[in-house]
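Q: What follows is a single structure, and I will ask about it in a moment.
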Amino acid sequence: MLVSLKNVLQTASRRGYAVGAFNVNNLEMIQAVIAAAEAEHAPVILQTSEGAISYAGMEELGILVHLAANRTRLPVVFHLDHGKNEELVKEAIKSGLYTSVMYDGSAHPLEENIRRTKRIVALARPHGISVEAELGAIAGIEDFVSVTERNAHFTDPTQAARFVRETGCDALAIAIGTSHGAYKFHGASRLDFVRLEKIRGVVHVPLVLHGASGVPSAIKKQCLAFGCEIEEAKGVSDASIRKAVSLGICKVNIDTDLRIAFDAGVRKFLAEHPKVIDPREILKPAKELMTKVVQQKMKLLGCNEKG
């Protein structure tokens with residue numbers, strides 16, 4: 001069943017777990033995430049980026065998500081991820097498809113970010129649509145999101161308190177050291193937990209962690225074995241994710257891990273079955289591998305058995 005982001009995250013915040021938000025681009029990804037939610041009896045957030053909409057279409061993806069959500073009793077949020085284009089965010093709100101949108105004004109100065117986010121909140125609220133906002137920039141490249149290390153900046157706790165108070169947003173994405181894409185760290189996973197604690201102390205809406213894929217070693221190994229060149233890929237450690245959740249993170253975004261699982265499944269199948277040309281057979285292992293990855297994430301975040 002479709003529900004709002006605010007509804008799901010308030011429960012998660014109260015009970016001390018986080019809900020996984022998984023980026024989907026096609027039918028197989030949607031099916032994989034829903035299958036994992038059913039297996040783990042977990043609430044789930046399916047989200048589409050601007051890139052996914054450009055690739056597959058807002059209405060097309062929305063209809064597929066609605067079909068999947070209507071076939072389960074589990075809480076399902078349909079969320080617009082990283083909406084930097086205000087017109088696209090407005091389109092998503094007016095479409096009647098999304099139960100939640102993110103307006104990402106983090107590239108703007110504080111005052112402008114507040115002004116724009118407040119405008120989106122005012123538009124979304126009458127429709128019962130939750131609004132996630134962002135303060136601080138997440139480094140890395142993923143779809144249409146690109147912020148260099150030099151320009152990336154962490155979220156300031158004092159500014160965060162003011163931002164939430166003045167915009168009325170329902171959730172806040174913060175920058176504490178994660179990054180988009182598969183290459184997050186050169187060494188050990190490093191997040192600013194002291195900053196997170198300070199933000200949690202002054203911000204009273206659910207907090208969101210973007211760029212939180214872990215690049216699971218087993219999936220990466222399979223990918224490498226069948227020709228994918230991602231030797232230097234490294235994600236956020238499970239230990240760091242657990243600690244972030246314990247300190248108040250309620251929504252954790254996962255995209256890269258599904259991409260790697262999809263790639264690993266397809267590469268392995270094609271290498272082992274060179275005569276098969278049926279796309280249904282080719283994509284089946286990818287879907288199964290993505291489901292396993294999502295299940296692992298749900299257990300890590302503690303949202304399993306919370307549906």
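Simple scheme: letters A, B, ... for chains in structure tokens order, numbers from 1 for residues in each chain, numbers from 1 for ligands in the order shown.
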Counting only C-alpha atoms, what is within 9 Å of A:Leu27, bar same-chain residues fewer than 6 positions away, as a PyMOL selection string?
A: chain A and resi 61+64-65
Q: Only C-alpha atoms, please: the residues just picked out, written as a tab-separated table (two decimals), in the first residue's frame.
A:
```
chain	number	residue	atom	x	y	z
A	61	LEU	CA	7.72	4.15	-13.69
A	64	LEU	CA	4.68	0.16	-12.36
A	65	VAL	CA	5.33	1.23	-8.76
```
Q: Would you pick out the contacts of A:Ala175 at 12 Å or less, using only C-alpha atoms, so that residues sharing its chain but fewer than 2 positions from it are not included, and give the list as an NGL selection string?
A: :A and (106 or 133-140 or 147 or 152-157 or 160 or 172-173 or 177-180 or 191-193 or 195-196 or 199 or 207-212 or 249)
Q: Enumerate as a PyMOL selection string all residues of stretch 7-153 of chain A assigned to strand (DSSP E) by DSSP on the backbone, naming them with the chain letters and numbers the document uses.
A: chain A and resi 19-23+44-48+76-83+100-103+130-135+139-142+145-147
Q: Those selected residues, please, written with N, CA and C atoms and delivered as a CSV table (one decimal), in the first residue's frame.
A:
```
chain,number,residue,atom,x,y,z
A,19,VAL,N,14.8,3.2,7.2
A,19,VAL,CA,14.1,2.5,6.1
A,19,VAL,C,15.0,2.7,4.8
A,20,GLY,N,15.2,1.6,4.1
A,20,GLY,CA,16.0,1.7,2.8
A,20,GLY,C,15.2,2.4,1.7
A,21,ALA,N,15.9,3.3,1.0
A,21,ALA,CA,15.3,3.9,-0.2
A,21,ALA,C,16.1,3.5,-1.4
A,22,PHE,N,15.5,2.8,-2.3
A,22,PHE,CA,16.2,2.1,-3.4
A,22,PHE,C,15.8,2.8,-4.7
A,23,ASN,N,16.8,3.2,-5.5
A,23,ASN,CA,16.6,3.8,-6.8
A,23,ASN,C,16.2,2.7,-7.8
A,44,VAL,N,9.3,0.0,2.7
A,44,VAL,CA,10.3,0.3,1.7
A,44,VAL,C,10.0,1.6,0.9
A,45,ILE,N,11.0,2.2,0.5
A,45,ILE,CA,10.9,3.4,-0.3
A,45,ILE,C,11.5,3.1,-1.7
A,46,LEU,N,10.7,3.2,-2.7
A,46,LEU,CA,11.1,3.1,-4.1
A,46,LEU,C,11.3,4.6,-4.7
A,47,GLN,N,12.4,4.9,-5.2
A,47,GLN,CA,12.6,6.3,-5.7
A,47,GLN,C,13.2,6.3,-7.1
A,48,THR,N,12.8,7.4,-7.7
A,48,THR,CA,13.3,7.6,-9.1
A,48,THR,C,14.0,8.9,-9.2
A,76,VAL,N,4.6,1.2,1.3
A,76,VAL,CA,5.5,1.5,0.2
A,76,VAL,C,5.4,3.0,-0.1
A,77,VAL,N,6.6,3.7,-0.1
A,77,VAL,CA,6.6,5.1,-0.4
A,77,VAL,C,7.2,5.2,-1.9
A,78,PHE,N,6.5,6.1,-2.7
A,78,PHE,CA,7.1,6.4,-4.0
A,78,PHE,C,7.6,7.8,-4.0
A,79,HIS,N,8.9,7.9,-4.2
A,79,HIS,CA,9.6,9.1,-3.8
A,79,HIS,C,10.4,9.6,-5.0
A,80,LEU,N,10.4,10.9,-5.3
A,80,LEU,CA,11.3,11.6,-6.3
A,80,LEU,C,12.6,11.9,-5.6
A,81,ASP,N,13.7,11.3,-6.1
A,81,ASP,CA,15.0,11.5,-5.5
A,81,ASP,C,15.8,12.7,-6.2
A,82,HIS,N,16.4,13.5,-5.4
A,82,HIS,CA,17.3,14.5,-5.9
A,82,HIS,C,16.6,15.4,-7.0
A,83,GLY,N,15.5,15.9,-6.7
A,83,GLY,CA,14.8,16.8,-7.6
A,83,GLY,C,15.5,18.2,-7.6
A,100,SER,N,5.9,11.3,-2.1
A,100,SER,CA,7.0,12.1,-1.5
A,100,SER,C,7.9,12.6,-2.6
A,101,VAL,N,8.4,13.8,-2.4
A,101,VAL,CA,9.4,14.3,-3.3
A,101,VAL,C,10.6,14.9,-2.5
A,102,MET,N,11.7,14.9,-3.2
A,102,MET,CA,12.9,15.6,-2.6
A,102,MET,C,13.1,16.8,-3.5
A,103,TYR,N,13.2,18.0,-2.9
A,103,TYR,CA,13.7,19.1,-3.6
A,103,TYR,C,15.1,19.3,-3.1
A,130,SER,N,4.9,14.3,1.1
A,130,SER,CA,6.0,14.7,2.0
A,130,SER,C,7.1,15.4,1.2
A,131,VAL,N,7.9,16.2,1.8
A,131,VAL,CA,9.0,16.8,1.2
A,131,VAL,C,10.3,16.6,1.9
A,132,GLU,N,11.3,16.0,1.2
A,132,GLU,CA,12.6,15.9,1.8
A,132,GLU,C,13.4,17.0,1.1
A,133,ALA,N,14.3,17.6,1.9
A,133,ALA,CA,15.2,18.7,1.4
A,133,ALA,C,16.6,18.3,1.8
A,134,GLU,N,17.5,19.1,1.3
A,134,GLU,CA,19.0,18.8,1.5
A,134,GLU,C,19.7,20.1,1.9
A,135,LEU,N,20.6,20.0,2.9
A,135,LEU,CA,21.4,21.1,3.3
A,135,LEU,C,22.8,20.5,3.4
A,139,ALA,N,29.3,14.8,-2.2
A,139,ALA,CA,30.3,14.7,-3.3
A,139,ALA,C,30.0,13.5,-4.1
A,140,GLY,N,30.6,13.5,-5.3
A,140,GLY,CA,30.5,12.3,-6.2
A,140,GLY,C,29.6,12.6,-7.4
A,141,ILE,N,29.4,11.5,-8.2
A,141,ILE,CA,28.6,11.6,-9.4
A,141,ILE,C,27.7,10.4,-9.5
A,142,GLU,N,26.4,10.7,-9.7
A,142,GLU,CA,25.4,9.7,-9.8
A,142,GLU,C,24.2,10.3,-10.6
A,145,VAL,N,23.5,14.2,-10.7
A,145,VAL,CA,24.1,14.8,-9.5
A,145,VAL,C,25.6,14.8,-9.6
A,146,SER,N,26.2,15.9,-9.6
A,146,SER,CA,27.7,16.0,-9.7
A,146,SER,C,28.2,17.2,-8.8
A,147,VAL,N,28.9,16.8,-7.7
A,147,VAL,CA,29.5,17.8,-6.9
A,147,VAL,C,30.9,17.5,-6.6
```
Q: Please report as CSV every residue of stretch 183-249 of chain A lying within 12 Å of stretch 161-170 of chain A, along with the nearest atom pair and their distance in Å (one decimal), using only C-alpha atoms.
A:
```
residue,atom,partner,partner_atom,distance
A:Lys198,CA,A:Ala161,CA,10.2
A:Ile199,CA,A:Ala161,CA,7.6
A:Arg200,CA,A:Ala161,CA,9.4
A:Gly201,CA,A:Ala161,CA,9.2
A:Val202,CA,A:Ala161,CA,5.7
A:Val203,CA,A:Ala161,CA,5.2
A:His204,CA,A:Ala161,CA,8.2
A:Val205,CA,A:Asp170,CA,6.1
A:Pro206,CA,A:Asp170,CA,7.2
A:Leu207,CA,A:Asp170,CA,9.3
A:Val208,CA,A:Asp170,CA,10.7
```
Q: Suppose you want the space between atom CA of A:Asn7 and atom CA of A:Ile114; what is it in Å?
A: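 Atom CA of A:Ile114 lies 23.2 Å from atom CA of A:Asn7.
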Q: If we count only C-alpha atoms, what is near A:Val215 at a cut-off of 8 Å, once residues fewer than 3 positions away on the same chain are taken out, given as a PyMOL selection string?
A: chain A and resi 182+219-220+233-236+256-257+260
Q: As a list in words, please: the residues near A:Glu288 (cut-off 10 Å, only C-alpha atoms, same-chain neighbours under 3 positions excluded).
A: Glu28, Met29, Gln31, Ala32, Val33, Ala35, Ala36, Ala261, Phe262, Gly265, Leu283, Lys284, Pro285, Thr291, Lys292 and Val293 of chain A
Q: Per DSSP on the backbone, what are the alpha helix (DSSP H) residues of stretch 30-235 of chain A, as a PyMOL selection string?
A: chain A and resi 30-40+50-56+58-70+86-95+110-124+157-167+193-202+217-225
Q: What does the structure give for the distance between atom CA of A:Ser54 and atom CA of A:Asn25, in Å to one decimal?
A: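 Separation of atom CA of A:Ser54 and atom CA of A:Asn25: 9.8 Å.
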Q: Using only C-alpha atoms, which residues sit within 6 Å of A:Tyr17 once same-chain residues fewer than 2 positions away are excluded, as a list in words?
A: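 With the cut-off at 6 Å, the set is Ala12, Gly302 and Cys303 of chain A.
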Q: Once you have the residues from the selection above, write them out as a short mmCIF file (atom, residue, chain, number, x, y, z; two decimals), in the first residue's frame, restricted to C-alpha atoms.
A:
```
data_model
loop_
_atom_site.label_atom_id
_atom_site.label_comp_id
_atom_site.auth_asym_id
_atom_site.auth_seq_id
_atom_site.Cartn_x
_atom_site.Cartn_y
_atom_site.Cartn_z
CA ALA A 12 11.25 4.56 12.09
CA GLY A 302 16.81 -2.86 11.14
CA CYS A 303 13.63 -2.32 9.15
#
```
Q: Which residue gives the smallest distance to A:Gly307 among A:Leu74, A:Gly57, A:Ser13, A:Lys243, with only C-alpha atoms counted?
A: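 Distance minimum relative to A:Gly307 lands on A:Leu74.
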Q: Using only C-alpha atoms, determine which residues lie at most 12 Å from A:Glu281, disregarding the query and same-chain residues fewer than 6 positions distant; provide the list as a PyMOL selection string.
A: chain A and resi 28+265-266+269-270+273-275+287-288
Q: Please produce a file of those selected residues containing N, CA and C atoms, as a PDB file, in the first residue's frame.
A:
```pdb
ATOM      1  N   GLU A  28      12.351  -4.752 -13.639  1.00  0.00           N
ATOM      2  CA  GLU A  28      13.071  -5.751 -12.863  1.00  0.00           C
ATOM      3  C   GLU A  28      13.555  -5.207 -11.526  1.00  0.00           C
ATOM      4  N   GLY A 265      24.931  -9.916 -12.175  1.00  0.00           N
ATOM      5  CA  GLY A 265      24.019 -10.977 -12.582  1.00  0.00           C
ATOM      6  C   GLY A 265      23.972 -11.166 -14.082  1.00  0.00           C
ATOM      7  N   VAL A 266      23.909 -10.071 -14.809  1.00  0.00           N
ATOM      8  CA  VAL A 266      23.842 -10.144 -16.274  1.00  0.00           C
ATOM      9  C   VAL A 266      25.164 -10.659 -16.853  1.00  0.00           C
ATOM     10  N   PHE A 269      25.632 -14.467 -16.226  1.00  0.00           N
ATOM     11  CA  PHE A 269      24.726 -15.288 -17.033  1.00  0.00           C
ATOM     12  C   PHE A 269      25.162 -15.330 -18.494  1.00  0.00           C
ATOM     13  N   LEU A 270      25.497 -14.187 -19.049  1.00  0.00           N
ATOM     14  CA  LEU A 270      25.891 -14.128 -20.451  1.00  0.00           C
ATOM     15  C   LEU A 270      27.183 -14.905 -20.708  1.00  0.00           C
ATOM     16  N   HIS A 273      26.150 -18.639 -20.458  1.00  0.00           N
ATOM     17  CA  HIS A 273      25.098 -19.090 -21.370  1.00  0.00           C
ATOM     18  C   HIS A 273      25.144 -18.259 -22.654  1.00  0.00           C
ATOM     19  N   PRO A 274      26.213 -18.384 -23.419  1.00  0.00           N
ATOM     20  CA  PRO A 274      26.392 -17.535 -24.609  1.00  0.00           C
ATOM     21  C   PRO A 274      25.363 -17.759 -25.710  1.00  0.00           C
ATOM     22  N   LYS A 275      24.626 -18.856 -25.652  1.00  0.00           N
ATOM     23  CA  LYS A 275      23.642 -19.128 -26.694  1.00  0.00           C
ATOM     24  C   LYS A 275      22.246 -18.601 -26.359  1.00  0.00           C
ATOM     25  N   LYS A 287      17.863  -9.841 -11.369  1.00  0.00           N
ATOM     26  CA  LYS A 287      16.766  -9.536 -10.447  1.00  0.00           C
ATOM     27  C   LYS A 287      16.948 -10.282  -9.128  1.00  0.00           C
ATOM     28  N   GLU A 288      17.314 -11.550  -9.204  1.00  0.00           N
ATOM     29  CA  GLU A 288      17.498 -12.355  -7.994  1.00  0.00           C
ATOM     30  C   GLU A 288      18.639 -11.819  -7.133  1.00  0.00           C
TER      31      GLU A 288
END
```
